[in-house]
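A.B. asks: Here you go, this is start.pdb (PDB, C-alpha atoms).
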```pdb
ATOM      1  CA  MET B1400      89.854  65.758 118.684
ATOM      2  CA  SER B1401      90.314  64.750 122.336
ATOM      3  CA  ASN B1402      94.060  65.340 122.012
ATOM      4  CA  ILE B1403      93.379  68.924 121.002
ATOM      5  CA  LYS B1404      91.306  69.559 124.128
ATOM      6  CA  GLU B1405      94.009  68.103 126.334
ATOM      7  CA  SER B1406      96.687  70.275 124.702
ATOM      8  CA  LYS B1407      94.742  73.487 125.257
ATOM      9  CA  SER B1408      95.163  73.258 129.023
ATOM     10  CA  THR B1409      98.946  73.646 128.841
ATOM     11  CA  LEU B1410      99.532  75.676 125.675
ATOM     12  CA  ILE B1411      98.516  79.115 124.472
ATOM     13  CA  ALA B1412      95.313  78.460 122.573
ATOM     14  CA  ASP B1413      93.392  80.899 120.394
ATOM     15  CA  ASP B1414      90.877  80.703 117.562
ATOM     16  CA  ASP B1415      93.564  79.276 115.271
ATOM     17  CA  PHE B1416      94.711  76.541 117.620
ATOM     18  CA  LYS B1417      92.542  73.656 116.431
ATOM     19  CA  TYR B1418      93.496  74.288 112.807
ATOM     20  CA  VAL B1419      97.188  74.415 113.700
ATOM     21  CA  VAL B1420      96.940  71.066 115.478
ATOM     22  CA  LEU B1421      95.040  69.489 112.576
ATOM     23  CA  CYS B1422      97.638  70.843 110.154
ATOM     24  CA  GLN B1423     100.425  69.384 112.282
ATOM     25  CA  LYS B1424      98.622  66.043 112.010
ATOM     26  CA  GLY B1425      98.705  66.224 108.207
ATOM     27  CA  TYR B1426      95.344  67.786 107.342
ATOM     28  CA  VAL B1427      96.298  70.173 104.546
ATOM     29  CA  GLU B1428      92.778  71.648 104.394
ATOM     30  CA  ALA B1429      93.285  73.066 107.875
ATOM     31  CA  PHE B1430      96.108  75.249 106.603
ATOM     32  CA  SER B1431      93.798  76.664 103.934
ATOM     33  CA  GLU B1432      91.602  77.944 106.755
ATOM     34  CA  LEU B1433      94.605  79.631 108.372
ATOM     35  CA  VAL B1434      95.487  81.256 105.043
ATOM     36  CA  GLU B1435      91.928  82.533 104.671
ATOM     37  CA  ARG B1436      92.001  84.008 108.177
ATOM     38  CA  HIS B1437      95.298  85.859 107.924
ATOM     39  CA  GLN B1438      96.144  86.557 104.283
ATOM     40  CA  LYS B1439      94.608  90.039 104.059
ATOM     41  CA  LYS B1440      96.359  91.385 107.155
ATOM     42  CA  MET B1441      99.654  89.792 106.126
ATOM     43  CA  LEU B1442      99.351  91.287 102.648
ATOM     44  CA  ASN B1443      98.682  94.731 104.052
ATOM     45  CA  ILE B1444     101.674  94.531 106.392
ATOM     46  CA  ALA B1445     103.923  93.433 103.530
ATOM     47  CA  TYR B1446     102.549  96.163 101.257
ATOM     48  CA  ARG B1447     103.187  98.900 103.796
ATOM     49  CA  MET B1448     106.763  97.746 104.256
ATOM     50  CA  LEU B1449     107.528  97.201 100.564
ATOM     51  CA  GLY B1450     105.361  99.778  98.828
ATOM     52  CA  ASP B1451     104.644  97.494  95.885
ATOM     53  CA  TYR B1452     101.579  95.265  95.567
ATOM     54  CA  ASP B1453     103.257  92.586  93.473
ATOM     55  CA  ASP B1454     106.217  92.326  95.828
ATOM     56  CA  ALA B1455     103.803  92.184  98.763
ATOM     57  CA  CYS B1456     101.938  89.286  97.119
ATOM     58  CA  ASP B1457     105.193  87.421  96.538
ATOM     59  CA  VAL B1458     106.403  87.953 100.093
ATOM     60  CA  THR B1459     103.060  86.942 101.602
ATOM     61  CA  GLN B1460     103.023  83.726  99.598
ATOM     62  CA  GLU B1461     106.630  83.017 100.558
ATOM     63  CA  ALA B1462     105.734  83.570 104.206
ATOM     64  CA  PHE B1463     102.821  81.132 104.029
ATOM     65  CA  VAL B1464     105.007  78.507 102.359
ATOM     66  CA  ALA B1465     107.631  78.960 105.068
ATOM     67  CA  ALA B1466     104.979  78.725 107.778
ATOM     68  CA  TYR B1467     103.535  75.542 106.290
ATOM     69  CA  LYS B1468     106.953  73.907 106.063
ATOM     70  CA  SER B1469     107.787  74.699 109.679
ATOM     71  CA  ILE B1470     104.355  74.461 111.298
ATOM     72  CA  LYS B1471     105.227  71.177 113.007
ATOM     73  CA  LYS B1472     107.874  73.111 114.946
ATOM     74  CA  PHE B1473     105.270  75.577 116.239
ATOM     75  CA  LYS B1474     104.996  74.929 119.981
ATOM     76  CA  ALA B1475     102.124  77.308 120.833
ATOM     77  CA  GLU B1476     104.324  79.217 123.255
ATOM     78  CA  ALA B1477     102.818  82.318 121.635
ATOM     79  CA  LYS B1478      99.702  82.928 119.561
ATOM     80  CA  PHE B1479      99.858  81.448 116.071
ATOM     81  CA  SER B1480      99.157  84.874 114.557
ATOM     82  CA  THR B1481     102.153  86.342 116.408
ATOM     83  CA  TRP B1482     104.381  83.611 114.980
ATOM     84  CA  LEU B1483     102.899  84.057 111.491
ATOM     85  CA  TYR B1484     103.206  87.843 111.347
ATOM     86  CA  ARG B1485     106.811  87.607 112.506
ATOM     87  CA  ILE B1486     107.487  85.389 109.491
ATOM     88  CA  VAL B1487     105.954  87.799 106.972
ATOM     89  CA  ILE B1488     107.822  90.755 108.491
ATOM     90  CA  ASN B1489     111.114  88.864 108.296
ATOM     91  CA  HIS B1490     110.454  87.969 104.660
ATOM     92  CA  ALA B1491     109.563  91.587 103.885
ATOM     93  CA  LYS B1492     112.782  92.778 105.525
ATOM     94  CA  ASN B1493     114.773  90.263 103.483
ATOM     95  CA  ARG B1494     113.096  91.515 100.302
ATOM     96  CA  LEU B1495     113.985  95.096 101.237
ATOM     97  CA  LYS B1496     117.622  94.078 101.681
ATOM     98  CA  GLN B1497     117.593  92.419  98.260
ATOM     99  CA  GLN B1498     116.103  95.530  96.697
ATOM    100  CA  LYS B1499     118.717  97.782  98.278
ATOM    101  CA  SER B1500     121.466  95.486  97.067
ATOM    102  CA  LEU B1501     120.133  95.597  93.505
ATOM    103  CA  ARG B1502     119.739  99.357  93.599
ATOM    104  CA  SER B1503     123.361  99.772  94.527
ATOM    105  CA  HIS B1504     124.267  98.332  91.093
ATOM    106  CA  GLU B1505     121.655 100.020  88.927
ATOM    107  CA  ASN B1506     119.706 103.245  88.575
ATOM    108  CA  ILE B1507     116.700 103.610  90.855
ATOM    109  CA  MET B1508     113.446 103.060  88.981
ATOM    110  CA  ASP B1509     111.426 106.104  88.056
ATOM    111  CA  GLU B1510     108.928 106.575  90.907
ATOM    112  CA  ALA B1511     106.173 107.431  88.448
ATOM    113  CA  GLY B1512     106.433 103.981  86.898
ATOM    114  CA  LYS B1513     106.381 101.906  90.078
ATOM    115  CA  GLY B1514     103.528  99.583  90.907
ATOM    116  CA  LYS B1515     101.699  99.908  87.569
ATOM    117  CA  LYS B1516     101.771  96.240  86.554
ATOM    118  CA  ASP B1517      98.653  94.274  85.789
ATOM    119  CA  ARG B1518      97.746  93.222  89.310
ATOM    120  CA  ALA B1519      96.236  89.759  89.443
ATOM    121  CA  ALA B1520      94.863  88.587  92.777
ATOM    122  CA  CYS B1521      97.602  86.769  94.659
ATOM    123  CA  PHE B1522      95.252  84.282  96.351
ATOM    124  CA  SER B1523      92.535  82.407  94.541
ATOM    125  CA  SER B1524      90.223  82.611  97.548
ATOM    126  CA  THR B1525      90.242  86.426  97.352
ATOM    127  CA  ALA B1526      90.085  86.873  93.580
ATOM    128  CA  GLY B1527      89.134  90.428  92.723
ATOM    129  CA  GLU B1528      90.018  91.839  96.142
ATOM    130  CA  GLN B1529      92.638  94.497  96.689
ATOM    131  CA  PRO B1530      94.231  95.484 100.023
ATOM    132  CA  ASP B1531      92.128  97.935 102.009
ATOM    133  CA  VAL B1532      94.773 100.539 101.144
ATOM    134  CA  GLN B1533      93.325 100.583  97.597
ATOM    135  CA  MET B1534      90.063 101.990  98.925
ATOM    136  CA  MET B1535      91.676 105.248 100.068
ATOM    137  CA  GLN B1536      92.029 108.301  97.901
ATOM    138  CA  LYS B1537      94.736 107.345  95.451
ATOM    139  CA  GLU B1538      96.633 110.587  95.265
ATOM    140  CA  ARG B1539      96.924 111.117  99.021
ATOM    141  CA  GLU B1540      97.611 107.444  99.608
ATOM    142  CA  ALA B1541     100.448 107.457  97.109
ATOM    143  CA  LYS B1542     102.074 110.343  98.969
ATOM    144  CA  VAL B1543     101.612 108.668 102.357
ATOM    145  CA  GLN B1544     103.125 105.447 101.055
ATOM    146  CA  MET B1545     105.990 107.338  99.453
ATOM    147  CA  CYS B1546     106.808 108.870 102.842
ATOM    148  CA  ILE B1547     106.548 105.482 104.579
ATOM    149  CA  GLU B1548     109.015 104.044 102.067
ATOM    150  CA  LYS B1549     111.522 106.715 103.053
ATOM    151  CA  LEU B1550     111.537 105.487 106.680
ATOM    152  CA  ASP B1551     114.139 103.112 108.068
ATOM    153  CA  ASP B1552     112.985  99.491 108.033
ATOM    154  CA  GLU B1553     112.668  99.316 111.816
ATOM    155  CA  TYR B1554     110.343 102.325 111.732
ATOM    156  CA  LYS B1555     108.244 100.933 108.893
ATOM    157  CA  GLU B1556     107.435  97.754 110.772
ATOM    158  CA  VAL B1557     106.303  99.407 114.022
ATOM    159  CA  LEU B1558     104.259 101.981 112.111
ATOM    160  CA  ALA B1559     102.582  99.279 110.025
ATOM    161  CA  LEU B1560     101.811  97.129 113.058
ATOM    162  CA  ARG B1561     100.611  99.874 115.410
ATOM    163  CA  ASP B1562      99.105 102.721 113.408
ATOM    164  CA  ILE B1563      97.909 100.818 110.352
ATOM    165  CA  GLN B1564      97.003  97.363 111.644
ATOM    166  CA  GLY B1565      96.176  98.400 115.203
ATOM    167  CA  PHE B1566      98.199  95.822 117.139
ATOM    168  CA  SER B1567      98.681  96.445 120.857
ATOM    169  CA  TYR B1568     102.124  97.256 122.230
ATOM    170  CA  GLU B1569     102.181  93.825 123.845
ATOM    171  CA  GLU B1570     101.460  92.125 120.526
ATOM    172  CA  ILE B1571     104.106  94.167 118.722
ATOM    173  CA  CYS B1572     106.686  93.274 121.385
ATOM    174  CA  ALA B1573     105.864  89.596 120.841
ATOM    175  CA  ILE B1574     105.979  89.834 117.044
ATOM    176  CA  LEU B1575     109.230  91.796 116.838
ATOM    177  CA  LYS B1576     110.816  90.362 119.988
ATOM    178  CA  ILE B1577     111.824  93.778 121.309
ATOM    179  CA  PRO B1578     111.001  95.570 124.605
ATOM    180  CA  GLU B1579     107.989  97.859 124.883
ATOM    181  CA  GLY B1580     110.227 100.863 125.437
ATOM    182  CA  THR B1581     111.958 100.192 122.130
ATOM    183  CA  VAL B1582     108.607  99.857 120.354
ATOM    184  CA  LYS B1583     107.403 103.187 121.730
ATOM    185  CA  SER B1584     110.681 104.930 120.939
ATOM    186  CA  ARG B1585     110.733 103.674 117.349
ATOM    187  CA  LEU B1586     107.064 104.497 116.889
ATOM    188  CA  SER B1587     107.545 108.048 118.143
ATOM    189  CA  ARG B1588     110.448 108.592 115.764
ATOM    190  CA  ALA B1589     108.555 106.961 112.888
ATOM    191  CA  ARG B1590     105.532 109.195 113.435
ATOM    192  CA  GLY B1591     107.721 112.280 113.617
ATOM    193  CA  ALA B1592     109.597 111.435 110.441
ATOM    194  CA  LEU B1593     106.373 110.557 108.628
ATOM    195  CA  LYS B1594     104.717 113.818 109.655
ATOM    196  CA  ASP B1595     107.722 115.865 108.530
ATOM    197  CA  CYS B1596     107.662 114.162 105.138
ATOM    198  CA  LEU B1597     103.887 114.566 104.719
ATOM    199  CA  VAL B1598     104.056 118.276 105.557
ATOM    200  CA  LYS B1599     106.561 118.666 102.723
ATOM    201  CA  VAL B1600     104.539 116.784 100.117
ATOM    202  CA  ILE B1601     100.959 117.500 101.229
ATOM    203  CA  GLY B1602     101.114 120.618 103.378
ATOM    204  CA  ASP B1603      99.944 121.302 106.921
ATOM    205  CA  LEU B1604      98.268 118.266 108.483
TER     206      LEU B1604
END
```
Could you quickly redo this structure as structure tokens?
C.D. replies:
Amino acid sequence: MSNIKESKSTLIADDDFKYVVLCQKGYVEAFSELVERHQKKMLNIAYRMLGDYDDACDVTQEAFVAAYKSIKKFKAEAKFSTWLYRIVINHAKNRLKQQKSLRSHENIMDEAGKGKKDRAACFSSTAGEQPDVQMMQKEREAKVQMCIEKLDDEYKEVLALRDIQGFSYEEICAILKIPEGTVKSRLSRARGALKDCLVKVIGDL
């Protein structure tokens, strides 16, 4: 553990740091701790971008697998969570591209039938849990999510990170690798488009 203490003086260290270092040294159990710490937030981000719980589970698992495979390349030049959330967002964006490609060759699924599969927990450590989004009023939530799905991908991600997950502008800039001005501009447009859509489907807000 002495090597970990020495590393902290020159690298960006946070609550995840010691587990990252142990994982890089081959301790698989350490990665399980990282999964436990971040899986719920990652799942919620993926869900907000994709609008489907099963797809969100798949993408979150894919992101964790990708992170595990490349964790030895993590240099702690940013917080581990920043690096991790960037991975899940990139995987969600790739899934959205795949979906759009498929939809260009087939009829769009009936909205009333989406997301009604038997939803098994996607992580054994959180069996029985659902994303916090499931705790909201279902009817209103469905309409909010429907409006989010209508947004451009770049608007979805800033809205999910800022207004839903509560990341700071600095954190969002680090995750998305874009300037703060761009974050604020996209967020303003996302909020405006979301409000316009909600007024149409819900009424005055």
A.B. asks: Please expand the PyMOL selection byres ((chain B and resi 1546-1561) around 7) into the concrete residues it hits in this file, giving the result as JSON, numbers by chain.
C.D. replies: {"B": [1444, 1447, 1448, 1450, 1542, 1543, 1544, 1545, 1562, 1563, 1564, 1565, 1566, 1567, 1571, 1582, 1585, 1586, 1589, 1593, 1596, 1597]}
A.B. asks: Which is closer to Ile1601 of chain B than all the others in B:Ala1541, B:Val1420, B:Ala1491, B:Ala1462, using all atoms listed in the file?
C.D. replies: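 Between B:Ala1541, B:Val1420, B:Ala1491, B:Ala1462, the residue approaching Ile1601 of chain B most closely is B:Ala1541.
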A.B. asks: Restricting the calculation to only C-alpha atoms, which member of B:Lys1472, B:Lys1439, B:Arg1485, B:Lys1478 is positioned closest to Leu1575 of chain B?
C.D. replies: B:Arg1485
A.B. asks: Which value, in Å to one decimal, gives the distance between atom CA of Glu1476 of chain B and atom CA of Ile1574 of chain B?
C.D. replies: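 Going from atom CA of Glu1476 of chain B over to atom CA of Ile1574 of chain B, I get 12.4 Å.
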A.B. asks: Given the choices B:Val1600, B:Val1464, B:Leu1501, B:Leu1421, which gets closest to Glu1540 of chain B if the distance is worked out from all atoms listed in the file?
C.D. replies: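 The answer is B:Val1600, which sits nearest to Glu1540 of chain B.
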A.B. asks: In terms of the shortest atom-to-atom distance over only C-alpha atoms, which of B:Cys1422, B:Val1458, B:Met1441, B:Ala1465 is closest to Tyr1484 of chain B?
C.D. replies: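 That would be B:Met1441, the residue with the smallest distance to Tyr1484 of chain B.
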A.B. asks: Quick check, in Å to one decimal: how far apart do atom CA of Asp1451 of chain B and atom CA of Ser1469 of chain B lie?
C.D. replies: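 Taking atom CA of Asp1451 of chain B as the start and atom CA of Ser1469 of chain B as the end point, the length is 26.8 Å.
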A.B. asks: Which distance in Å separates atom CA of Ala1445 of chain B and atom CA of Thr1459 of chain B, to one decimal?
C.D. replies: 6.8 Å
A.B. asks: If we count all atoms listed in the file and set the cut-off at 8 Å, which residues sit around Asp1413 of chain B, ignoring sequence neighbours fewer than 2 positions away in its own chain? Please answer as a PDB file with C-alpha atoms, in the frame of the given file.
C.D. replies:
```pdb
ATOM      1  CA  ILE B1411      98.516  79.115 124.472  1.00  0.00           C
ATOM      2  CA  ASP B1415      93.564  79.276 115.271  1.00  0.00           C
ATOM      3  CA  PHE B1416      94.711  76.541 117.620  1.00  0.00           C
ATOM      4  CA  LYS B1478      99.702  82.928 119.561  1.00  0.00           C
ATOM      5  CA  PHE B1479      99.858  81.448 116.071  1.00  0.00           C
TER       6      PHE B1479
END
```
A.B. asks: Counting only C-alpha atoms, figure out which residue out of B:Lys1424, B:Val1419, B:Ala1477, B:Gly1591 gets nearest to Glu1569 of chain B.
C.D. replies: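 Using only C-alpha atoms, Glu1569 of chain B sits closest to B:Ala1477.
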A.B. asks: Kindly indicate which residue among B:Ala1475, B:Leu1483, B:Leu1449, B:Cys1456 lies nearest to Lys1417 of chain B, using only C-alpha atoms for the distances.
C.D. replies: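 Of the candidates, the smallest distance to Lys1417 of chain B is held by B:Ala1475.
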